[in-house]
>>> print(open('coords34.txt').read())   # compact mmCIF, C-alpha atoms and all ligand atoms
# COMPACT_ATOMS: atom_id res chain seq x y z
CA MET A 1219 13.82 4.94 -39.20
CA SER A 1220 14.51 1.89 -37.05
CA ASN A 1221 17.29 2.26 -34.51
CA LEU A 1222 18.29 -1.40 -34.67
CA LEU A 1223 21.84 -2.49 -35.33
CA SER A 1224 21.66 -3.19 -39.05
CA ALA A 1225 24.17 -2.64 -41.83
CA GLU A 1226 21.58 -0.48 -43.59
CA ASN A 1227 21.23 1.88 -40.63
CA LEU A 1228 24.96 2.11 -40.02
CA ASN A 1229 25.91 2.55 -43.66
CA GLY A 1230 27.92 5.74 -44.19
CA ARG A 1231 28.02 6.53 -40.49
CA LEU A 1232 31.14 7.05 -38.45
CA LEU A 1233 31.17 4.42 -35.69
CA PHE A 1234 32.12 5.84 -32.30
CA ALA A 1235 32.57 3.44 -29.35
CA ILE A 1236 31.62 4.69 -25.88
CA PRO A 1237 31.88 2.75 -22.56
CA LYS A 1238 28.41 1.35 -21.92
CA LYS A 1239 28.56 1.74 -18.10
CA GLY A 1240 30.97 2.23 -15.24
CA ARG A 1241 33.26 5.07 -14.24
CA LEU A 1242 33.69 6.62 -17.68
CA TYR A 1243 30.06 6.52 -18.83
CA GLU A 1244 28.61 9.73 -17.33
CA LYS A 1245 31.68 11.78 -18.28
CA CYS A 1246 31.45 10.51 -21.85
CA LEU A 1247 27.81 11.59 -22.03
CA GLU A 1248 28.82 15.10 -20.85
CA LEU A 1249 31.54 15.19 -23.48
CA LEU A 1250 29.14 14.16 -26.25
CA GLN A 1251 26.67 16.82 -25.12
CA GLY A 1252 29.40 19.47 -25.09
CA ALA A 1253 30.39 18.44 -28.62
CA ASP A 1254 26.71 18.72 -29.71
CA ILE A 1255 26.48 15.06 -30.66
CA GLN A 1256 22.73 14.55 -30.23
CA PHE A 1257 21.22 11.10 -29.73
CA LYS A 1258 18.63 9.14 -27.81
CA ARG A 1259 19.75 5.80 -26.45
CA GLN A 1260 16.84 3.38 -26.49
CA HIS A 1261 16.38 1.03 -23.59
CA ARG A 1262 18.53 -2.11 -24.00
CA LEU A 1263 20.01 -0.95 -27.29
CA ASP A 1264 23.77 -0.58 -27.50
CA VAL A 1265 23.71 1.41 -30.73
CA ALA A 1266 22.34 4.95 -30.99
CA LEU A 1267 22.10 6.85 -34.25
CA VAL A 1268 23.20 10.48 -33.87
CA GLN A 1269 20.44 12.81 -34.99
CA ASN A 1270 22.47 15.78 -36.25
CA LEU A 1271 25.60 14.07 -37.66
CA PRO A 1272 26.32 10.90 -39.68
CA ILE A 1273 27.57 9.05 -36.60
CA ALA A 1274 26.43 5.91 -34.78
CA LEU A 1275 27.42 5.57 -31.13
CA VAL A 1276 28.24 2.01 -30.14
CA PHE A 1277 28.08 1.35 -26.39
CA LEU A 1278 30.60 -1.35 -25.45
CA PRO A 1279 32.40 -2.57 -22.32
CA ALA A 1280 35.41 -0.26 -21.77
CA ALA A 1281 37.68 -3.33 -21.87
CA ASP A 1282 36.51 -4.31 -25.37
CA ILE A 1283 36.90 -0.89 -26.98
CA PRO A 1284 40.66 -1.13 -27.72
CA ARG A 1285 40.13 -4.31 -29.75
CA PHE A 1286 37.17 -2.87 -31.68
CA VAL A 1287 39.21 0.24 -32.51
CA GLY A 1288 42.46 -1.63 -33.27
CA GLU A 1289 40.73 -4.04 -35.62
CA GLY A 1290 38.89 -1.20 -37.38
CA ASN A 1291 35.37 -2.33 -36.40
CA VAL A 1292 34.78 1.22 -35.16
CA ASP A 1293 36.41 4.49 -36.26
CA LEU A 1294 36.81 6.23 -32.89
CA GLY A 1295 36.54 5.17 -29.27
CA ILE A 1296 36.84 6.36 -25.70
CA THR A 1297 38.35 4.13 -23.04
CA GLY A 1298 41.04 4.16 -20.34
CA GLN A 1299 44.76 4.03 -21.12
CA ASP A 1300 44.82 1.07 -18.72
CA MET A 1301 42.42 -0.82 -21.02
CA VAL A 1302 44.59 -0.08 -24.06
CA ALA A 1303 47.68 -1.36 -22.24
CA GLU A 1304 45.81 -4.43 -20.94
CA ALA A 1305 44.77 -5.33 -24.50
CA GLY A 1306 48.45 -6.14 -25.20
CA THR A 1307 50.84 -4.87 -27.83
CA SER A 1308 49.21 -6.85 -30.65
CA VAL A 1309 46.18 -4.56 -30.20
CA SER A 1310 47.75 -1.36 -28.82
CA SER A 1311 50.18 -1.20 -31.76
CA LEU A 1312 47.13 -0.82 -34.03
CA ILE A 1313 45.77 2.12 -32.02
CA SER A 1314 46.63 5.84 -32.06
CA GLU A 1315 45.90 7.90 -28.98
CA VAL A 1316 44.28 11.08 -30.32
CA LEU A 1317 43.61 13.00 -27.12
CA GLU A 1318 43.92 12.65 -23.36
CA LEU A 1319 40.52 13.56 -21.94
CA GLY A 1320 41.50 14.55 -18.40
CA PHE A 1321 38.96 12.35 -16.57
CA GLY A 1322 38.98 8.72 -15.39
CA LYS A 1323 42.35 9.38 -13.77
CA CYS A 1324 43.59 6.46 -11.69
CA LYS A 1325 46.62 4.26 -11.04
CA LEU A 1326 47.01 0.52 -11.42
CA GLN A 1327 48.73 -0.55 -8.22
CA VAL A 1328 49.98 -3.62 -6.41
CA GLN A 1329 48.22 -3.76 -3.04
CA ILE A 1330 48.76 -5.93 0.02
CA PRO A 1331 46.97 -6.22 3.37
CA ASP A 1332 48.22 -3.18 5.29
CA PRO A 1333 50.71 -4.50 7.88
CA GLU A 1334 49.96 -1.34 9.92
CA SER A 1335 46.16 -1.79 9.90
CA PRO A 1336 44.61 -2.52 13.32
CA ALA A 1337 43.25 -5.87 12.06
CA ALA A 1338 46.66 -7.02 10.81
CA ARG A 1339 48.39 -5.82 13.99
CA SER A 1340 46.04 -7.71 16.28
CA ALA A 1341 46.27 -10.82 14.07
CA SER A 1342 50.05 -10.69 14.15
CA ALA A 1343 50.03 -10.12 17.92
CA GLU A 1344 48.02 -13.32 18.24
CA GLY A 1345 50.42 -15.00 15.81
CA SER A 1346 47.44 -16.17 13.79
CA ALA A 1347 48.13 -14.70 10.35
CA ASP A 1348 51.04 -14.53 7.99
CA THR A 1349 49.97 -11.21 6.42
CA ASN A 1350 52.78 -9.55 8.32
CA CYS A 1351 55.24 -11.53 6.17
CA ILE A 1352 54.32 -9.44 3.14
CA ARG A 1353 55.80 -5.99 3.27
CA ASN A 1354 56.99 -5.41 -0.28
CA GLU A 1355 56.61 -6.78 -3.79
CA GLU A 1356 59.44 -9.24 -3.40
CA ASP A 1357 57.55 -10.87 -0.52
CA LEU A 1358 54.67 -11.48 -2.95
CA VAL A 1359 56.86 -13.39 -5.40
CA GLY A 1360 55.84 -17.03 -5.60
CA ARG A 1361 52.46 -16.30 -3.98
CA LYS A 1362 48.99 -15.54 -5.36
CA VAL A 1363 47.91 -12.21 -6.82
CA ALA A 1364 44.28 -11.54 -7.83
CA THR A 1365 43.43 -9.03 -10.56
CA SER A 1366 41.18 -8.14 -13.49
CA PHE A 1367 44.35 -6.97 -15.29
CA ASP A 1368 45.87 -10.40 -15.77
CA PHE A 1369 47.93 -9.41 -18.83
CA LEU A 1370 49.62 -6.38 -17.21
CA ALA A 1371 49.98 -8.09 -13.83
CA GLY A 1372 51.34 -11.21 -15.57
CA GLU A 1373 54.00 -9.18 -17.42
CA TYR A 1374 54.91 -7.25 -14.27
CA PHE A 1375 55.31 -10.28 -12.03
CA LYS A 1376 57.07 -12.32 -14.74
CA LYS A 1377 59.86 -9.74 -14.69
CA LEU A 1378 59.85 -9.53 -10.90
CA ASP A 1379 59.90 -13.37 -10.63
CA GLU A 1380 62.97 -13.53 -12.90
CA GLU A 1381 64.79 -10.77 -11.00
CA THR A 1382 63.96 -12.29 -7.62
CA THR A 1383 65.01 -15.78 -8.73
CA LYS A 1384 68.37 -14.40 -9.91
CA LYS A 1385 68.82 -12.44 -6.69
CA ARG A 1386 68.04 -15.42 -4.47
CA LEU A 1387 70.37 -17.64 -6.47
CA ALA A 1388 73.14 -15.06 -6.10
CA GLU A 1389 72.44 -14.80 -2.36
CA ARG A 1390 72.38 -18.62 -2.19
CA LYS A 1391 68.84 -18.53 -0.82
CA MET A 1392 67.93 -20.82 -3.75
CA LYS A 1393 69.78 -23.72 -5.38
CA ALA A 1394 70.41 -23.86 -9.15
CA THR A 1395 68.28 -27.01 -9.22
CA ASP A 1396 65.27 -25.26 -7.61
CA ALA A 1397 62.34 -24.38 -9.87
CA PRO A 1398 62.32 -20.67 -10.80
CA LEU A 1399 59.95 -18.59 -8.66
CA ARG A 1400 56.55 -18.03 -10.20
CA THR A 1401 53.81 -15.76 -8.90
CA ALA A 1402 50.32 -17.11 -9.64
CA ILE A 1403 48.06 -14.51 -11.27
CA GLU A 1404 44.41 -15.25 -10.49
CA TYR A 1405 41.90 -13.54 -12.77
CA VAL A 1406 38.80 -12.11 -11.05
CA GLY A 1407 36.19 -10.11 -12.94
CA GLY A 1408 35.35 -7.58 -10.19
CA SER A 1409 35.45 -6.78 -6.47
CA VAL A 1410 39.16 -7.58 -6.62
CA GLU A 1411 39.70 -5.72 -3.36
CA ALA A 1412 37.90 -8.51 -1.46
CA ALA A 1413 40.32 -11.21 -2.65
CA CYS A 1414 42.82 -10.99 0.22
CA ALA A 1415 40.19 -10.96 2.96
CA LEU A 1416 38.53 -13.98 1.34
CA GLY A 1417 41.80 -15.90 1.28
CA LEU A 1418 41.86 -16.04 -2.52
CA ALA A 1419 45.14 -14.16 -2.83
CA ASP A 1420 48.03 -12.65 -0.89
CA GLY A 1421 47.96 -9.41 -2.85
CA ILE A 1422 46.01 -7.73 -5.64
CA VAL A 1423 46.63 -5.52 -8.66
CA ASP A 1424 43.76 -3.04 -9.01
CA LEU A 1425 42.88 0.54 -9.84
CA VAL A 1426 43.17 3.25 -7.23
CA GLU A 1427 41.91 6.79 -7.46
CA SER A 1428 41.06 8.30 -4.06
CA GLY A 1429 42.35 5.22 -2.22
CA GLU A 1430 39.05 4.92 -0.33
CA THR A 1431 38.26 1.39 -1.53
CA MET A 1432 41.79 0.26 -0.75
CA ARG A 1433 41.78 1.69 2.77
CA ALA A 1434 38.26 0.44 3.51
CA CYS A 1435 39.50 -3.08 2.68
CA GLY A 1436 42.59 -2.74 4.90
CA LEU A 1437 44.95 -2.71 1.91
CA THR A 1438 47.94 -0.54 1.11
CA ALA A 1439 49.68 0.15 -2.21
CA ILE A 1440 53.29 -0.91 -2.59
CA SER A 1441 53.96 -0.13 -6.26
CA THR A 1442 52.42 1.35 -9.38
CA LEU A 1443 52.22 -0.45 -12.72
CA LEU A 1444 50.80 2.54 -14.63
CA SER A 1445 48.90 5.81 -14.42
CA SER A 1446 45.81 6.10 -16.57
CA GLN A 1447 43.15 8.49 -17.79
CA ALA A 1448 40.41 8.33 -20.39
CA VAL A 1449 41.58 8.79 -23.98
CA LEU A 1450 40.09 9.27 -27.42
CA ILE A 1451 41.54 6.59 -29.69
CA LYS A 1452 41.37 5.69 -33.38
CA PRO A 1453 42.87 2.97 -35.57
CA THR A 1454 46.44 3.81 -36.61
CA THR A 1455 45.46 2.99 -40.19
CA PRO A 1456 41.96 4.33 -40.87
CA HIS A 1457 39.48 1.81 -42.24
CA PRO A 1458 38.72 2.47 -45.96
CA ARG A 1459 35.15 3.19 -44.83
CA SER A 1460 36.27 5.92 -42.41
CA ASN A 1461 35.19 9.51 -42.93
CA VAL A 1462 38.55 11.09 -42.06
CA ALA A 1463 37.20 14.66 -42.24
CA LEU A 1464 34.42 13.83 -39.77
CA ILE A 1465 36.93 12.18 -37.41
CA ALA A 1466 38.96 15.42 -37.49
CA ARG A 1467 35.81 17.51 -36.86
CA ILE A 1468 34.71 15.41 -33.89
CA THR A 1469 38.26 15.45 -32.50
CA ALA A 1470 38.35 19.26 -32.74
CA ARG A 1471 34.98 19.53 -30.97
CA ILE A 1472 36.06 17.21 -28.16
CA ARG A 1473 39.40 19.00 -27.82
CA GLY A 1474 37.41 22.25 -27.45
CA VAL A 1475 35.16 20.81 -24.74
CA ILE A 1476 38.17 19.46 -22.81
CA ALA A 1477 40.06 22.78 -23.10
CA ALA A 1478 36.95 24.67 -21.97
CA SER A 1479 36.77 22.53 -18.84
CA ARG A 1480 40.50 22.96 -18.09
CA TYR A 1481 40.73 26.70 -18.70
CA VAL A 1482 38.94 29.85 -17.55
CA LEU A 1483 39.18 33.36 -18.92
CA CYS A 1484 41.03 35.78 -16.67
CA THR A 1485 40.53 39.52 -17.30
CA TYR A 1486 42.01 42.39 -15.33
CA ASN A 1487 43.20 45.98 -15.56
CA MET A 1488 46.86 46.82 -15.23
CA GLN A 1489 48.91 49.99 -15.31
CA ARG A 1490 51.21 50.02 -18.33
CA ALA A 1491 54.33 50.20 -16.14
CA GLY A 1492 53.54 46.82 -14.56
CA LEU A 1493 52.19 45.16 -17.70
CA GLU A 1494 55.29 43.13 -18.47
CA ARG A 1495 55.29 41.53 -15.01
CA ALA A 1496 51.56 40.77 -15.21
CA LEU A 1497 51.88 39.16 -18.64
CA LYS A 1498 54.54 36.81 -17.27
CA ILE A 1499 51.87 35.56 -14.84
CA THR A 1500 49.17 35.24 -17.55
CA PRO A 1501 51.02 34.65 -20.81
CA GLY A 1502 47.92 33.07 -22.42
CA ARG A 1503 47.95 29.96 -24.60
CA ARG A 1504 49.44 31.86 -27.53
CA ALA A 1505 49.54 35.42 -26.18
CA ALA A 1506 47.32 37.51 -23.92
CA THR A 1507 44.95 40.09 -25.46
CA VAL A 1508 45.95 43.58 -24.30
CA MET A 1509 43.68 46.57 -24.99
CA PRO A 1510 44.62 50.12 -23.97
CA LEU A 1511 42.01 51.90 -21.85
CA ASP A 1512 40.92 55.48 -22.68
CA ASP A 1513 42.86 57.04 -19.81
CA GLY A 1514 46.18 56.28 -21.52
CA GLU A 1515 47.64 54.85 -18.31
CA TRP A 1516 45.90 51.50 -17.90
CA SER A 1517 45.37 48.46 -20.13
CA ALA A 1518 42.72 45.71 -20.02
CA VAL A 1519 44.17 42.22 -20.30
CA SER A 1520 42.37 38.97 -21.05
CA SER A 1521 44.03 35.59 -21.05
CA MET A 1522 43.14 31.91 -20.70
CA ILE A 1523 44.54 30.36 -17.52
CA LEU A 1524 44.32 26.87 -16.06
CA ARG A 1525 41.28 26.43 -13.81
CA ALA A 1526 43.48 24.57 -11.32
CA GLU A 1527 45.74 27.63 -10.99
CA VAL A 1528 43.08 30.34 -10.58
CA ALA A 1529 43.73 31.16 -6.92
CA THR A 1530 47.52 31.33 -7.32
CA VAL A 1531 47.30 33.45 -10.46
CA MET A 1532 44.88 35.90 -8.78
CA ASP A 1533 47.21 36.20 -5.77
CA GLN A 1534 50.17 36.90 -8.04
CA LEU A 1535 48.25 39.44 -10.15
CA GLU A 1536 47.18 41.33 -7.05
CA GLU A 1537 50.77 41.38 -5.83
CA VAL A 1538 51.95 43.09 -9.04
CA GLY A 1539 49.14 45.68 -8.86
CA ALA A 1540 46.42 44.31 -11.14
CA SER A 1541 42.86 45.40 -10.33
CA ASP A 1542 39.30 44.40 -11.30
CA ILE A 1543 40.42 40.78 -11.75
CA LEU A 1544 37.56 38.69 -13.13
CA ILE A 1545 37.40 34.94 -13.77
CA THR A 1546 34.86 33.72 -16.31
CA SER A 1547 34.03 30.09 -17.16
CA ILE A 1548 34.39 29.05 -20.78
CA ASP A 1549 31.42 27.07 -22.14
CA ASN A 1550 33.22 25.83 -25.22
CA CYS A 1551 36.22 26.82 -27.27
CA ARG A 1552 38.52 25.95 -30.16
CA VAL A 1553 42.19 26.24 -29.35
N1 LIG A 1601 38.13 4.69 -9.26
C1 LIG A 1601 38.33 5.12 -10.48
N2 LIG A 1601 38.57 6.40 -10.69
C2 LIG A 1601 38.77 6.87 -11.94
N3 LIG A 1601 38.75 6.09 -13.03
C3 LIG A 1601 38.51 4.82 -12.87
C4 LIG A 1601 38.28 4.26 -11.60
N4 LIG A 1601 38.04 2.97 -11.73
C5 LIG A 1601 38.13 2.74 -13.05
N5 LIG A 1601 38.42 3.83 -13.74
C6 LIG A 1601 38.59 3.98 -15.21
O1 LIG A 1601 37.36 3.58 -15.79
C7 LIG A 1601 37.57 2.44 -16.61
C8 LIG A 1601 36.37 1.53 -16.49
O2 LIG A 1601 36.34 1.07 -15.17
P1 LIG A 1601 35.04 0.47 -14.51
O3 LIG A 1601 35.41 -0.10 -13.17
O4 LIG A 1601 33.97 1.46 -14.56
O5 LIG A 1601 34.82 -0.71 -15.54
P2 LIG A 1601 33.63 -1.53 -15.96
O6 LIG A 1601 34.09 -2.91 -15.73
O7 LIG A 1601 33.26 -1.16 -17.34
O8 LIG A 1601 32.43 -1.15 -15.02
P3 LIG A 1601 31.91 -1.95 -13.76
O9 LIG A 1601 33.03 -1.90 -12.75
O10 LIG A 1601 30.70 -1.14 -13.38
O11 LIG A 1601 31.60 -3.33 -14.24
C9 LIG A 1601 38.87 1.83 -16.12
O12 LIG A 1601 39.50 1.08 -17.12
C10 LIG A 1601 39.66 3.05 -15.73
O13 LIG A 1601 40.26 3.62 -16.88
O1 LIG A 1602 40.41 4.57 -5.09
P1 LIG A 1602 38.95 4.65 -5.25
O2 LIG A 1602 38.48 6.04 -5.53
O3 LIG A 1602 38.20 4.05 -4.10
O4 LIG A 1602 38.56 3.82 -6.56
C1 LIG A 1602 39.01 2.50 -6.73
C2 LIG A 1602 37.88 1.58 -7.08
O5 LIG A 1602 37.29 1.99 -8.32
C3 LIG A 1602 37.28 0.88 -9.20
O6 LIG A 1602 36.14 0.10 -9.05
P2 LIG A 1602 34.67 0.59 -9.31
O7 LIG A 1602 34.17 1.35 -8.14
O8 LIG A 1602 34.60 1.32 -10.62
O9 LIG A 1602 33.84 -0.74 -9.39
P3 LIG A 1602 34.27 -2.26 -9.62
O10 LIG A 1602 34.97 -2.69 -8.37
O11 LIG A 1602 32.97 -2.93 -9.85
O12 LIG A 1602 35.16 -2.28 -10.85
C4 LIG A 1602 38.47 0.03 -8.78
O13 LIG A 1602 38.34 -1.31 -9.20
C5 LIG A 1602 38.45 0.18 -7.27
O14 LIG A 1602 37.64 -0.77 -6.65
>>> encode(input="coords34.txt", output="structure tokens", more="lines below")
Ligand SMILES: Nc1ncnc2c1ncn2[C@@H]1O[C@H](COP(=O)(O)OP(=O)(O)OP(=O)(O)O)[C@@H](O)[C@H]1O
Ligand SMILES: O=P(O)(O)OC[C@H]1O[C@H](OP(=O)(O)OP(=O)(O)O)[C@H](O)[C@@H]1O
Amino acid sequence: MSNLLSAENLNGRLLFAIPKKGRLYEKCLELLQGADIQFKRQHRLDVALVQNLPIALVFLPAADIPRFVGEGNVDLGITGQDMVAEAGTSVSSLISEVLELGFGKCKLQVQIPDPESPAARSASAEGSADTNCIRNEEDLVGRKVATSFDFLAGEYFKKLDEETTKKRLAERKMKATDAPLRTAIEYVGGSVEAACALGLADGIVDLVESGETMRACGLTAISTLLSSQAVLIKPTTPHPRSNVALIARITARIRGVIAASRYVLCTYNMQRAGLERALKITPGRRAATVMPLDDGEWSAVSSMILRAEVATVMDQLEEVGASDILITSIDNCRV
């Protein structure tokens, strides 16, 4: 069977859009593996036929996935919530968010040259730069902002421009005859963080996760437009071609993989007298499993707990007298 993108090959297959590169790509591959979606991606081909399910994976730029899903060209997709928002309401209103995936977490933030950075301080001491004039968002109004998120940044600064114009009119810092303030949004396709240093813009709107890129470029964040993570999305109205049962099956598998990565299994022994207190610490997702031990005095408890809370939960269990506390990773689950 040829793996080429042809209607014949795709016929009857659920089309699932995956980011073709970038920050989300590796995590998506792990997710597909965990959900036992088996495929081989051929060199330079952006479509891969799944070997064990009637699915075709379509590798697309993360930014294009909302439109493909919203317009029903594909049945499911993974992208960032930021990309869905950036696609605008005409697209996002056609999309249902099925599941937050817990990776690709970042914030879209307004950033300016850090007035406290050594470079800015020495420049301002020499009186050679005006970066020290920008300390908050209002200072950016009427200036240039570079971003790859020109829709979201445009909306954000449009509102800020209007508010600032009104404020300055009220404070008589502007005359009624003056043109309303307008911040110029400059679209750049990548390396946005270099824009200020290159003199292209006075501030930027870009994604921040650890903040390393921002700090390395002498920038600081002054406000947040949105918080984002990767999401599984589908068209709000399924395409007539869509295999709704398969969409539900894939969703359940992915939900299981995500839950397995977020939770671990905590087991311990507890004397009956202290059981109530221990179960308050590990209530489980629905309820903990409690099994009496042969000695009539102790019970064995097992319960799913959040991986991020393991240390705290173990401390608390020890404090109430639990013993033999074991933490076991979960490979996969259905919850
Ligand atoms: N630093 C980050 N940490 C976590 N998630 C991020 C980060 N940067 C981006 N993302 C998420 O990944 C998505 C894709 O971003 P990425 O920068 O990888 O895009 P790309 O344009 O497809 O790839 P590239 O930058 O390689 O061209 C973003 O929309 C966002 O949801
Ligand atoms: O806060 P941090 O952890 O440093 O992450 C932020 C960086 O990550 C993203 O870019 P990416 O590295 O994906 O590449 P890009 O600049 O080519 O988009 C984003 O555009 C920032 O540059």
>>> closest_residue(input="coords34.txt", among="A:Ser1479, A:Thr1383, A:Gln1329, A:Ser1314", to="Val1363 (chain A)", atoms="only C-alpha atoms")
A:Gln1329
>>> residues_near_ligand(input="coords34.txt", ligand="ligand LIG 1601 (chain A)", cutoff="10 Å", atoms="all atoms listed in the file", output="VMD selection string")
chain A and resid 1237 to 1243 1278 to 1282 1296 to 1304 1321 to 1326 1366 to 1367 1407 to 1409 1424 to 1431 1445 to 1449
>>> residues_near_point(input="coords34.txt", point="(39.8, 1.4, -29.4)", cutoff="9 Å", atoms="only C-alpha atoms", output="list of chain:residue names")
A:Ala1235, A:Ala1280, A:Asp1282, A:Ile1283, A:Pro1284, A:Arg1285, A:Phe1286, A:Val1287, A:Gly1288, A:Glu1289, A:Gly1290, A:Val1292, A:Asp1293, A:Leu1294, A:Gly1295, A:Ile1296, A:Thr1297, A:Val1302, A:Val1309, A:Ser1310, A:Leu1312, A:Ile1313, A:Ser1314, A:Glu1315, A:Leu1450, A:Ile1451, A:Lys1452, A:Pro1453
>>> atom_distance(input="coords34.txt", atom1="CA of Lys1384 (chain A)", atom2="CA of Arg1361 (chain A)")
17.1 Å
>>> closest_residue(input="coords34.txt", among="A:Met1532, A:Gly1372, A:Ala1364, A:Gln1327", to="Ala1415 (chain A)", atoms="all atoms listed in the file")
A:Ala1364
>>> build_atoms(input="coords34.txt", residues="region 1297-1313 of chain A", atoms="N, CA and C atoms", output="PDB file, keeping the file's coordinate frame")
ATOM      1  N   THR A1297      38.138   5.130 -24.091  1.00  0.00           N
ATOM      2  CA  THR A1297      38.350   4.130 -23.040  1.00  0.00           C
ATOM      3  C   THR A1297      39.503   4.602 -22.162  1.00  0.00           C
ATOM      4  N   GLY A1298      39.924   3.778 -21.196  1.00  0.00           N
ATOM      5  CA  GLY A1298      41.040   4.160 -20.340  1.00  0.00           C
ATOM      6  C   GLY A1298      42.365   3.700 -20.954  1.00  0.00           C
ATOM      7  N   GLN A1299      43.423   4.452 -20.647  1.00  0.00           N
ATOM      8  CA  GLN A1299      44.760   4.030 -21.120  1.00  0.00           C
ATOM      9  C   GLN A1299      45.112   2.666 -20.538  1.00  0.00           C
ATOM     10  N   ASP A1300      44.584   2.374 -19.336  1.00  0.00           N
ATOM     11  CA  ASP A1300      44.820   1.070 -18.720  1.00  0.00           C
ATOM     12  C   ASP A1300      44.241  -0.051 -19.582  1.00  0.00           C
ATOM     13  N   MET A1301      43.069   0.202 -20.173  1.00  0.00           N
ATOM     14  CA  MET A1301      42.420  -0.820 -21.020  1.00  0.00           C
ATOM     15  C   MET A1301      43.219  -1.039 -22.306  1.00  0.00           C
ATOM     16  N   VAL A1302      43.775   0.045 -22.837  1.00  0.00           N
ATOM     17  CA  VAL A1302      44.590  -0.080 -24.060  1.00  0.00           C
ATOM     18  C   VAL A1302      45.831  -0.921 -23.743  1.00  0.00           C
ATOM     19  N   ALA A1303      46.466  -0.615 -22.609  1.00  0.00           N
ATOM     20  CA  ALA A1303      47.680  -1.360 -22.240  1.00  0.00           C
ATOM     21  C   ALA A1303      47.341  -2.828 -21.958  1.00  0.00           C
ATOM     22  N   GLU A1304      46.199  -3.059 -21.296  1.00  0.00           N
ATOM     23  CA  GLU A1304      45.810  -4.430 -20.940  1.00  0.00           C
ATOM     24  C   GLU A1304      45.497  -5.264 -22.181  1.00  0.00           C
ATOM     25  N   ALA A1305      45.102  -4.597 -23.270  1.00  0.00           N
ATOM     26  CA  ALA A1305      44.770  -5.330 -24.500  1.00  0.00           C
ATOM     27  C   ALA A1305      46.018  -5.947 -25.146  1.00  0.00           C
ATOM     28  N   GLY A1306      47.213  -5.542 -24.684  1.00  0.00           N
ATOM     29  CA  GLY A1306      48.450  -6.140 -25.200  1.00  0.00           C
ATOM     30  C   GLY A1306      48.956  -5.424 -26.442  1.00  0.00           C
ATOM     31  N   THR A1307      50.230  -5.641 -26.739  1.00  0.00           N
ATOM     32  CA  THR A1307      50.840  -4.870 -27.830  1.00  0.00           C
ATOM     33  C   THR A1307      50.270  -5.242 -29.205  1.00  0.00           C
ATOM     34  N   SER A1308      49.759  -6.480 -29.344  1.00  0.00           N
ATOM     35  CA  SER A1308      49.210  -6.850 -30.650  1.00  0.00           C
ATOM     36  C   SER A1308      48.016  -5.969 -30.990  1.00  0.00           C
ATOM     37  N   VAL A1309      47.308  -5.478 -29.972  1.00  0.00           N
ATOM     38  CA  VAL A1309      46.180  -4.560 -30.200  1.00  0.00           C
ATOM     39  C   VAL A1309      46.641  -3.111 -30.098  1.00  0.00           C
ATOM     40  N   SER A1310      47.395  -2.783 -29.045  1.00  0.00           N
ATOM     41  CA  SER A1310      47.750  -1.360 -28.820  1.00  0.00           C
ATOM     42  C   SER A1310      48.612  -0.810 -29.958  1.00  0.00           C
ATOM     43  N   SER A1311      49.361  -1.694 -30.644  1.00  0.00           N
ATOM     44  CA  SER A1311      50.180  -1.200 -31.760  1.00  0.00           C
ATOM     45  C   SER A1311      49.308  -0.775 -32.952  1.00  0.00           C
ATOM     46  N   LEU A1312      48.040  -1.182 -32.934  1.00  0.00           N
ATOM     47  CA  LEU A1312      47.130  -0.820 -34.030  1.00  0.00           C
ATOM     48  C   LEU A1312      46.305   0.433 -33.710  1.00  0.00           C
ATOM     49  N   ILE A1313      46.590   1.010 -32.519  1.00  0.00           N
ATOM     50  CA  ILE A1313      45.770   2.120 -32.020  1.00  0.00           C
ATOM     51  C   ILE A1313      46.585   3.400 -31.899  1.00  0.00           C
TER      52      ILE A1313
END
